[in-house]
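Asker: Pasting upload-v9.txt here (compact mmCIF, C-alpha atoms):
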# COMPACT_ATOMS: atom_id res chain seq x y z
CA MET R 1 0.00 0.00 0.00
CA ALA R 2 1.37 3.39 -1.01
CA LEU R 3 2.18 5.70 1.88
CA LYS R 4 0.43 9.06 1.86
CA PRO R 5 2.02 12.41 2.74
CA ARG R 6 0.99 13.55 6.22
CA PHE R 7 3.57 16.00 7.55
CA LEU R 8 5.78 18.60 5.88
CA ASP R 9 8.82 19.27 8.10
CA ILE R 10 11.22 22.18 7.76
CA HIS R 11 14.61 22.50 9.46
CA VAL R 12 16.74 25.65 9.42
CA VAL R 13 20.28 26.49 10.51
CA GLN R 14 20.66 30.26 10.75
CA PRO R 15 23.48 32.36 12.22
CA ILE R 16 22.34 35.50 14.03
CA PRO R 17 24.76 38.39 14.69
CA TYR R 18 24.77 40.60 17.77
CA ALA R 19 21.06 40.94 18.61
CA ASN R 20 18.25 40.45 21.09
CA LEU R 21 15.42 39.19 18.92
CA ASN R 22 13.12 38.18 21.77
CA ARG R 23 13.29 39.74 25.24
CA ASP R 24 11.74 38.58 28.48
CA ASP R 25 9.78 40.77 30.92
CA THR R 26 13.04 42.33 32.22
CA ASN R 27 14.37 43.08 28.68
CA SER R 28 16.90 40.27 29.05
CA VAL R 29 17.87 37.77 26.36
CA LYS R 30 15.77 34.61 26.62
CA THR R 31 17.84 31.53 27.40
CA MET R 32 17.42 27.83 28.16
CA LEU R 33 19.46 24.97 29.57
CA TYR R 34 19.77 22.04 27.19
CA GLY R 35 22.33 19.29 27.59
CA ASP R 36 23.47 21.16 30.72
CA ALA R 37 24.59 24.05 28.51
CA LEU R 38 23.20 27.59 28.37
CA ARG R 39 21.67 28.46 24.99
CA THR R 40 20.09 31.58 23.58
CA ARG R 41 16.40 30.93 22.85
CA ILE R 42 13.80 32.62 20.64
CA SER R 43 10.27 31.72 21.69
CA SER R 44 7.94 30.07 19.21
CA GLN R 45 5.30 32.72 19.96
CA SER R 46 7.70 35.48 18.94
CA TRP R 47 8.75 33.81 15.71
CA LYS R 48 5.19 32.72 14.88
CA ARG R 49 4.07 36.34 15.00
CA ALA R 50 6.88 37.31 12.63
CA ILE R 51 5.92 34.41 10.34
CA ARG R 52 2.24 35.37 10.45
CA GLU R 53 2.94 39.01 9.56
CA HIS R 54 5.23 38.01 6.68
CA PHE R 55 2.63 35.46 5.54
CA GLN R 56 -0.21 38.02 5.57
CA ASP R 57 1.83 40.60 3.69
CA ALA R 58 2.75 38.06 1.03
CA LEU R 59 -0.79 36.80 0.46
CA GLY R 60 -2.64 40.05 1.15
CA ASP R 61 -5.05 38.19 3.41
CA SER R 62 -4.96 39.58 6.95
CA ALA R 63 -6.53 38.54 10.21
CA LEU R 64 -7.09 40.69 13.28
CA ARG R 65 -6.42 39.54 16.85
CA THR R 66 -7.74 41.94 19.45
CA ARG R 67 -9.73 42.56 22.62
CA ARG R 68 -10.69 45.96 21.19
CA ILE R 69 -12.99 44.87 18.40
CA GLY R 70 -15.49 47.57 19.39
CA GLU R 71 -12.92 50.32 18.88
CA ARG R 72 -12.01 48.88 15.48
CA VAL R 73 -15.67 48.84 14.41
CA ALA R 74 -16.09 52.41 15.67
CA GLU R 75 -13.18 53.49 13.42
CA VAL R 76 -14.95 51.97 10.41
CA LEU R 77 -18.22 53.68 11.29
CA ARG R 78 -16.53 57.07 11.65
CA GLY R 79 -15.02 56.45 8.21
CA ARG R 80 -18.59 55.99 6.94
CA GLY R 81 -19.61 59.39 8.28
CA TRP R 82 -20.86 58.58 11.79
CA ASP R 83 -20.24 61.12 14.51
CA GLU R 84 -17.72 60.07 17.17
CA ALA R 85 -20.12 59.49 20.09
CA PRO R 86 -22.64 57.23 18.28
CA ALA R 87 -19.80 55.36 16.55
CA ASP R 88 -18.19 54.62 19.93
CA ARG R 89 -21.55 53.53 21.32
CA ALA R 90 -22.15 51.22 18.37
CA GLY R 91 -18.67 49.74 18.78
CA ALA R 92 -19.42 49.02 22.42
CA HIS R 93 -22.66 47.28 21.46
CA VAL R 94 -20.73 45.12 18.97
CA ALA R 95 -18.12 44.13 21.58
CA ALA R 96 -20.82 43.30 24.11
CA GLY R 97 -23.09 41.59 21.61
CA SER R 98 -21.31 38.25 21.37
CA SER R 99 -21.29 35.41 23.89
CA ILE R 100 -17.79 36.46 25.02
CA LYS R 101 -17.61 38.07 28.45
CA TRP R 102 -16.64 41.72 28.42
CA GLU R 103 -15.68 44.68 30.59
CA VAL R 104 -15.57 48.44 30.25
CA ALA R 105 -12.07 49.79 29.65
CA LYS R 106 -10.54 52.03 32.30
CA GLY R 107 -8.33 55.07 31.88
CA LYS R 108 -5.10 55.97 33.64
CA ASP R 109 -7.17 57.24 36.55
CA LYS R 110 -8.76 53.77 36.83
CA GLN R 111 -12.16 55.23 35.99
CA PRO R 112 -14.41 53.54 33.40
CA ILE R 113 -14.34 55.00 29.91
CA THR R 114 -17.85 55.28 28.49
CA ASN R 115 -18.40 53.08 25.43
CA LYS R 116 -14.90 51.59 25.40
CA VAL R 117 -15.62 47.89 25.85
CA LEU R 118 -12.97 45.14 25.96
CA THR R 119 -13.73 41.48 25.39
CA ASN R 120 -12.17 39.24 28.04
CA ALA R 121 -10.81 36.93 25.33
CA LEU R 122 -8.86 37.87 22.24
CA ILE R 123 -11.08 37.78 19.15
CA TYR R 124 -9.33 36.46 16.04
CA LEU R 125 -11.12 36.98 12.74
CA PRO R 126 -10.46 38.01 9.14
CA GLU R 127 -9.84 41.72 8.68
CA ASP R 128 -12.76 42.04 6.26
CA ALA R 129 -15.13 40.70 8.94
CA VAL R 130 -14.82 44.07 10.70
CA GLU R 131 -16.76 45.64 7.82
CA GLU R 132 -19.50 43.04 8.29
CA LEU R 133 -19.71 43.87 12.00
CA ALA R 134 -20.03 47.54 11.06
CA ASP R 135 -22.83 46.60 8.63
CA ILE R 136 -24.71 44.92 11.49
CA ALA R 137 -24.30 48.03 13.63
CA GLU R 138 -25.64 50.22 10.82
CA ALA R 139 -28.61 47.94 10.28
CA HIS R 140 -29.58 48.38 13.95
CA LYS R 141 -28.60 52.02 14.34
CA ASP R 142 -31.94 53.09 15.84
CA ALA R 143 -31.76 50.37 18.52
CA ILE R 144 -28.27 51.35 19.68
CA THR R 145 -29.08 53.92 22.32
CA ALA R 146 -27.72 52.71 25.67
CA ASP R 147 -24.30 53.91 26.85
CA PHE R 148 -21.81 51.54 28.46
CA THR R 149 -20.55 53.44 31.49
CA GLY R 150 -19.30 50.56 33.58
CA LYS R 151 -21.34 51.67 36.57
CA GLY R 152 -23.97 49.48 38.15
CA LYS R 153 -25.59 46.64 36.25
CA LYS R 154 -24.13 45.89 32.83
CA PRO R 155 -26.47 47.04 30.04
CA GLU R 156 -27.79 44.56 27.47
CA SER R 157 -26.34 45.00 24.00
CA ALA R 158 -28.87 45.81 21.30
CA LEU R 159 -26.88 43.42 19.08
CA LYS R 160 -27.03 40.43 21.44
CA GLY R 161 -27.12 37.20 19.45
CA LYS R 162 -26.30 38.93 16.15
CA ILE R 163 -22.49 38.88 16.36
CA ASP R 164 -21.38 35.30 16.97
CA LYS R 165 -22.02 34.17 13.39
CA ILE R 166 -19.41 36.67 12.16
CA LEU R 167 -16.89 35.37 14.69
CA LEU R 168 -17.03 31.97 12.98
CA LYS R 169 -15.53 33.38 9.78
CA ARG R 170 -12.08 32.20 8.72
CA ASN R 171 -9.46 32.98 6.14
CA GLY R 172 -6.21 31.34 5.11
CA VAL R 173 -4.13 32.51 8.06
CA ILE R 174 -6.72 31.23 10.57
CA ASN R 175 -7.07 27.89 8.80
CA LEU R 176 -3.30 27.53 8.93
CA PHE R 177 -2.40 28.86 12.40
CA GLY R 178 -5.66 27.94 14.16
CA ARG R 179 -7.87 29.87 16.57
CA MET R 180 -8.73 29.42 20.24
CA LEU R 181 -12.11 30.95 21.09
CA ALA R 182 -13.89 28.63 23.52
CA GLU R 183 -16.61 31.16 24.38
CA VAL R 184 -18.17 30.95 20.89
CA ASP R 185 -19.48 27.56 19.79
CA GLN R 186 -17.66 26.12 16.75
CA ALA R 187 -15.34 29.13 16.48
CA GLY R 188 -12.25 27.17 17.52
CA VAL R 189 -9.92 25.98 14.75
CA ASP R 190 -7.15 23.45 15.34
CA GLY R 191 -3.89 24.86 14.00
CA ALA R 192 -2.22 22.97 11.17
CA VAL R 193 1.28 24.23 11.97
CA GLN R 194 3.56 23.53 14.92
CA VAL R 195 6.57 25.77 15.54
CA ALA R 196 9.38 24.92 17.95
CA HIS R 197 11.36 27.37 20.05
CA ALA R 198 14.56 28.24 18.22
CA PHE R 199 17.78 27.76 20.16
CA THR R 200 21.51 27.95 19.57
CA THR R 201 23.23 24.73 18.65
CA HIS R 202 26.10 25.65 20.97
CA THR R 203 26.73 27.23 24.35
CA THR R 204 26.24 31.00 24.42
CA GLU R 205 26.87 33.88 26.77
CA VAL R 206 24.79 36.98 27.25
CA GLU R 207 26.72 40.21 26.75
CA LEU R 208 25.99 43.55 28.39
CA ASP R 209 26.25 46.58 26.15
CA TYR R 210 26.81 49.94 27.84
CA PHE R 211 25.38 52.85 25.92
CA ALA R 212 25.04 56.61 26.34
CA ALA R 213 22.92 59.25 24.61
CA VAL R 214 24.39 62.71 24.16
CA ASP R 215 22.26 65.73 25.10
CA ASP R 216 22.69 67.97 22.04
CA VAL R 217 21.94 71.21 23.91
CA THR R 218 24.48 70.44 26.63
CA ALA R 219 27.05 69.39 24.04
CA THR R 220 26.82 72.68 22.11
CA LYS R 221 27.21 74.82 25.26
CA GLY R 222 30.50 73.22 26.14
CA ASP R 223 30.11 74.00 29.85
CA GLU R 224 29.06 70.48 30.83
CA THR R 225 30.31 67.04 29.97
CA GLY R 226 28.61 63.70 30.12
CA SER R 227 25.47 62.33 28.56
CA GLY R 228 21.77 62.91 28.82
CA HIS R 229 21.10 59.23 29.37
CA MET R 230 23.11 56.11 30.17
CA GLY R 231 22.12 52.48 30.36
CA THR R 232 22.87 48.87 29.55
CA ALA R 233 21.18 46.35 27.28
CA GLU R 234 21.60 42.60 26.83
CA PHE R 235 22.56 40.93 23.55
CA SER R 236 23.90 37.62 22.31
CA THR R 237 25.09 35.96 19.11
CA GLY R 238 24.76 32.42 17.87
CA THR R 239 23.78 29.84 15.29
CA LEU R 240 20.14 28.83 15.70
CA TYR R 241 18.36 25.56 14.97
CA ARG R 242 14.74 26.16 13.96
CA PHE R 243 12.01 23.61 13.27
CA ALA R 244 8.37 23.61 12.22
CA THR R 245 5.93 21.15 10.71
CA VAL R 246 2.69 21.41 8.73
CA ASP R 247 -0.01 18.80 9.41
CA LEU R 248 -1.30 18.33 5.87
CA GLN R 249 -4.35 16.36 6.99
CA GLU R 250 -5.39 19.04 9.48
CA LEU R 251 -4.87 21.80 6.93
CA THR R 252 -7.01 20.18 4.23
CA LYS R 253 -9.67 19.36 6.84
CA ASN R 254 -9.81 23.01 7.88
CA LEU R 255 -10.28 24.00 4.26
CA SER R 256 -12.72 21.11 3.42
CA ASP R 257 -11.88 17.96 1.51
CA ASP R 258 -12.14 18.72 -2.19
CA ASP R 259 -9.95 19.74 -5.10
CA ILE R 260 -10.30 23.43 -4.29
CA ALA R 261 -9.12 22.73 -0.73
CA VAL R 262 -5.99 20.97 -2.02
CA HIS R 263 -5.19 23.91 -4.30
CA ALA R 264 -5.65 26.34 -1.38
CA ALA R 265 -3.61 24.10 0.92
CA ARG R 266 -0.72 24.16 -1.54
CA GLU R 267 -0.73 27.95 -1.58
CA LEU R 268 -0.96 28.20 2.22
CA ALA R 269 1.65 25.53 2.97
CA GLY R 270 4.05 26.93 0.39
CA GLN R 271 3.79 30.47 1.68
CA PHE R 272 4.14 29.27 5.27
CA LEU R 273 7.44 27.58 4.42
CA LEU R 274 8.73 30.69 2.65
CA SER R 275 7.60 32.91 5.53
CA PHE R 276 9.26 30.57 8.03
CA ILE R 277 12.50 30.82 6.06
CA GLU R 278 12.50 34.58 5.51
CA SER R 279 10.87 36.02 8.65
CA LEU R 280 12.75 37.39 11.65
CA PRO R 281 11.47 38.76 14.98
CA GLN R 282 11.89 42.52 15.05
CA ALA R 283 12.98 43.32 18.62
CA LYS R 284 15.89 45.80 18.76
CA LYS R 285 16.04 45.83 14.95
CA ASN R 286 16.88 49.56 14.74
CA SER R 287 19.98 49.18 16.89
CA THR R 288 21.18 45.78 15.59
CA ALA R 289 19.80 45.19 12.05
CA PRO R 290 20.35 41.41 12.36
CA HIS R 291 18.87 40.54 8.97
CA SER R 292 20.73 37.33 8.17
CA LEU R 293 19.67 34.45 5.91
CA PRO R 294 19.47 30.77 6.82
CA HIS R 295 22.63 28.95 5.72
CA LEU R 296 20.73 25.68 5.42
CA VAL R 297 17.07 24.81 4.88
CA HIS R 298 16.03 21.16 4.77
CA VAL R 299 12.47 20.01 4.03
CA ALA R 300 11.03 16.51 4.29
CA VAL R 301 7.61 15.10 3.46
CA ARG R 302 6.77 12.31 5.91
CA SER R 303 4.01 9.73 6.01
CA ASP R 304 4.22 8.95 9.72
CA ARG R 305 4.99 11.73 12.20
CA PRO R 306 6.96 14.97 12.49
CA LEU R 307 10.65 14.53 13.26
CA SER R 308 12.60 17.34 14.92
CA PHE R 309 16.40 17.23 14.78
CA ALA R 310 16.76 19.19 18.04
CA ALA R 311 18.34 16.17 19.74
CA ALA R 312 21.27 16.48 17.33
CA PHE R 313 22.36 19.43 19.47
CA GLU R 314 21.72 18.04 22.97
CA GLU R 315 25.51 17.88 23.12
CA PRO R 316 26.45 21.44 22.19
CA VAL R 317 28.40 21.95 18.99
CA ARG R 318 32.04 22.95 19.42
CA SER R 319 33.44 25.68 17.22
CA ALA R 320 35.59 24.84 14.23
CA GLN R 321 39.38 25.19 14.42
CA HIS R 322 39.28 28.77 13.20
CA GLY R 323 35.93 29.60 14.79
CA GLY R 324 32.34 29.34 13.65
CA TYR R 325 29.45 26.97 14.40
CA VAL R 326 27.47 26.86 11.16
CA ALA R 327 29.45 24.17 9.32
CA ARG R 328 29.48 21.77 12.26
CA SER R 329 25.79 22.43 12.94
CA VAL R 330 24.97 21.53 9.34
CA GLU R 331 27.12 18.38 9.62
CA GLY R 332 25.21 17.49 12.79
CA ILE R 333 21.86 17.72 10.99
CA ASP R 334 23.12 15.61 8.11
CA ALA R 335 24.38 12.88 10.45
CA TYR R 336 21.30 12.94 12.67
CA SER R 337 18.98 12.72 9.67
CA LYS R 338 20.73 9.53 8.56
CA ALA R 339 20.63 7.94 12.01
CA ALA R 340 17.04 8.88 12.90
CA ASN R 341 15.57 7.89 9.56
CA THR R 342 17.43 4.59 9.65
CA LEU R 343 15.83 3.83 13.03
CA LEU R 344 12.33 4.81 11.89
CA GLY R 345 12.64 3.36 8.44
CA PRO R 346 13.64 5.43 5.41
CA ALA R 347 10.48 4.48 3.47
CA ARG R 348 8.51 6.89 5.65
CA VAL R 349 10.35 9.85 4.08
CA LEU R 350 8.49 10.44 0.81
CA HIS R 351 10.60 13.42 -0.21
CA ALA R 352 13.70 15.16 1.12
CA ALA R 353 15.67 18.10 -0.23
CA HIS R 354 17.71 21.08 0.89
CA ALA R 355 19.02 24.47 -0.14
CA SER R 356 22.15 26.02 1.29
CA LEU R 357 24.70 28.74 0.76
CA HIS R 358 27.81 26.64 0.23
CA PHE R 359 27.40 23.07 1.47
CA ASP R 360 27.82 20.66 -1.44
CA LYS R 361 28.34 17.28 0.24
CA LEU R 362 25.24 16.67 2.35
CA GLU R 363 24.48 13.03 1.69
CA HIS R 364 21.39 12.53 3.81
CA LEU R 365 19.29 15.66 3.24
CA GLY R 366 18.11 14.88 -0.27
CA GLU R 367 18.62 16.75 -3.53
CA ARG R 368 20.15 20.20 -3.37
CA HIS R 369 18.12 23.08 -4.84
CA SER R 370 19.61 26.36 -5.96
CA SER R 371 16.95 28.53 -4.34
CA PHE R 372 14.47 28.53 -1.48
CA GLY R 373 11.63 29.02 -3.94
CA SER R 374 12.50 25.90 -5.92
CA LEU R 375 12.96 23.90 -2.71
CA VAL R 376 9.52 24.88 -1.39
CA THR R 377 7.65 24.49 -4.68
CA THR R 378 8.93 20.95 -5.20
CA ALA R 379 8.17 19.87 -1.63
CA VAL R 380 4.61 21.22 -1.77
CA GLU R 381 3.95 19.53 -5.11
CA VAL R 382 4.93 16.19 -3.58
CA ALA R 383 3.08 16.79 -0.32
CA LEU R 384 -0.22 17.95 -1.80
CA VAL R 385 -1.02 16.25 -5.07
CA GLU R 386 -4.09 17.66 -6.77
CA ALA R 387 -6.58 15.11 -8.04
CA PRO R 388 -6.96 15.10 -11.84
CA ARG R 389 -9.90 17.17 -13.05
Would you write the structure of this file as structure tokens?

Answerer:
Amino acid sequence: MALKPRFLDIHVVQPIPYANLNRDDTNSVKTMLYGDALRTRISSQSWKRAIREHFQDALGDSALRTRRIGERVAEVLRGRGWDEAPADRAGAHVAAGSSIKWEVAKGKDKQPITNKVLTNALIYLPEDAVEELADIAEAHKDAITADFTGKGKKPESALKGKIDKILLKRNGVINLFGRMLAEVDQAGVDGAVQVAHAFTTHTTEVELDYFAAVDDVTATKGDETGSGHMGTAEFSTGTLYRFATVDLQELTKNLSDDDIAVHAARELAGQFLLSFIESLPQAKKNSTAPHSLPHLVHVAVRSDRPLSFAAAFEEPVRSAQHGGYVARSVEGIDAYSKAANTLLGPARVLHAAHASLHFDKLEHLGERHSSFGSLVTTAVEVALVEAPR
């Protein structure tokens, strides 16, 4: 019996120069202990947001994640000629009209702001659905009279029961990344992609950078020395291993099982891979500009299960004789791919290929492609075969 494609795995080795792509709550570099060695880490949430933004820009199909859906609807209504006060009131009715719990927003003085309503859960819906919510508000303009002041008993929205159907809408990015919205029946969507935390293949150290900002007025007077501001910031460098997988069965199920779904799945999966390759979290970008490329991208179409190569780096990579971790990290992936696929059975790998800057002798990562585009296109064609029409 022929094995069917189920998962599309992507592995990346990417050197990052002096940067802090993903900070914690104290502005420190995120780290992890792995193999009893300290590594720099980039959270999957951070990189997924960068992927999602790159993905949306490429396809021109955006989704909105917000607790402030009422404010967004109010903006649309003001653009249609509504006065500010009724537009804000209508936006509040929209936010309070679904089955999601809500609260009135508070200002800096902790006092409620009339007609600024926040949903307790993040709403995630296609950008064009905001226009449909505004249409509902316009259709019930005469009924929208009550203000939401946050004092006393919560008022009943004039749009109660009329909003949830819009919150069920999806687009490509939601079908791919999924949606968690337990408060609205059938609004949840299981994500078809899984993204691992990126981490350095080797031991790293966090460096403190001392900086000072000159006060231009003081500097021109010449009667004072020193700076207007001084501080320190954390940075690190390293070669990252990154991994993600696309569940092809989940993706086509989210789209519906027909020829059109397979065509759409090919577009979504292909753009996800390209966005995974090319995206980069943007923290501290203005002071570091760490816009490097992956030195190796390996893709595999599997019939059985996803297979991360993270364990290849449980023992941290040692630098080459003259420095550098990329070459030995790439060698580690090549060797681990051979060993792991031998254990599982090589027949489960239906397709394997790679693209790299300058590595010609990778024996266990499949055919080498000259570009990321060619690599992705070929993998997607194997993974998602369209039925003949």

Asker: Using only C-alpha atoms, which of the listed residues (R:Thr145, R:Asn175, R:Ser28, R:Ser292) sits closest to Leu208 of chain R?

Answerer: R:Ser28

Asker: Given the choices R:His358, R:Arg368, R:Arg318, R:Arg305, which gets closest to Pro5 of chain R if the distance is worked out from all atoms listed in the file?

Answerer: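 Selected residue with least distance to Pro5 of chain R: R:Arg305.
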
Asker: Please, which residues are within 7 Å of (-16.8, 52.7, 16.8) by the file's coordinates, counting all atoms listed in the file, and could they come as a list in words?

Answerer: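 Checked against the point, the hits come out as Gly70, Glu71, Arg72, Val73, Ala74, Glu75, Val76, Leu77, Arg78, Ala87, Asp88, Arg89, Ala90 and Gly91 of chain R.
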
Asker: Identify, on the basis of all atoms listed in the file, every residue whose closest approach to Lys4 of chain R does not exceed 9 Å; exclude the query and any residue fewer than 6 positions from it along the same chain; express the result as JSON, numbers by chain.

Answerer: {"R": [302, 303, 304, 350, 383]}

Asker: Which is closer to Ser374 of chain R than all the others in R:Pro306, R:Pro155, R:Gly270, R:Gly107, using only C-alpha atoms?

Answerer: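 Closest to Ser374 of chain R, using only C-alpha atoms: R:Gly270.
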
Asker: Could you tell me which of R:Lys154, R:His140, R:Arg39, R:Lys108 comes closest to Ala96 of chain R if we count all atoms listed in the file?

Answerer: R:Lys154
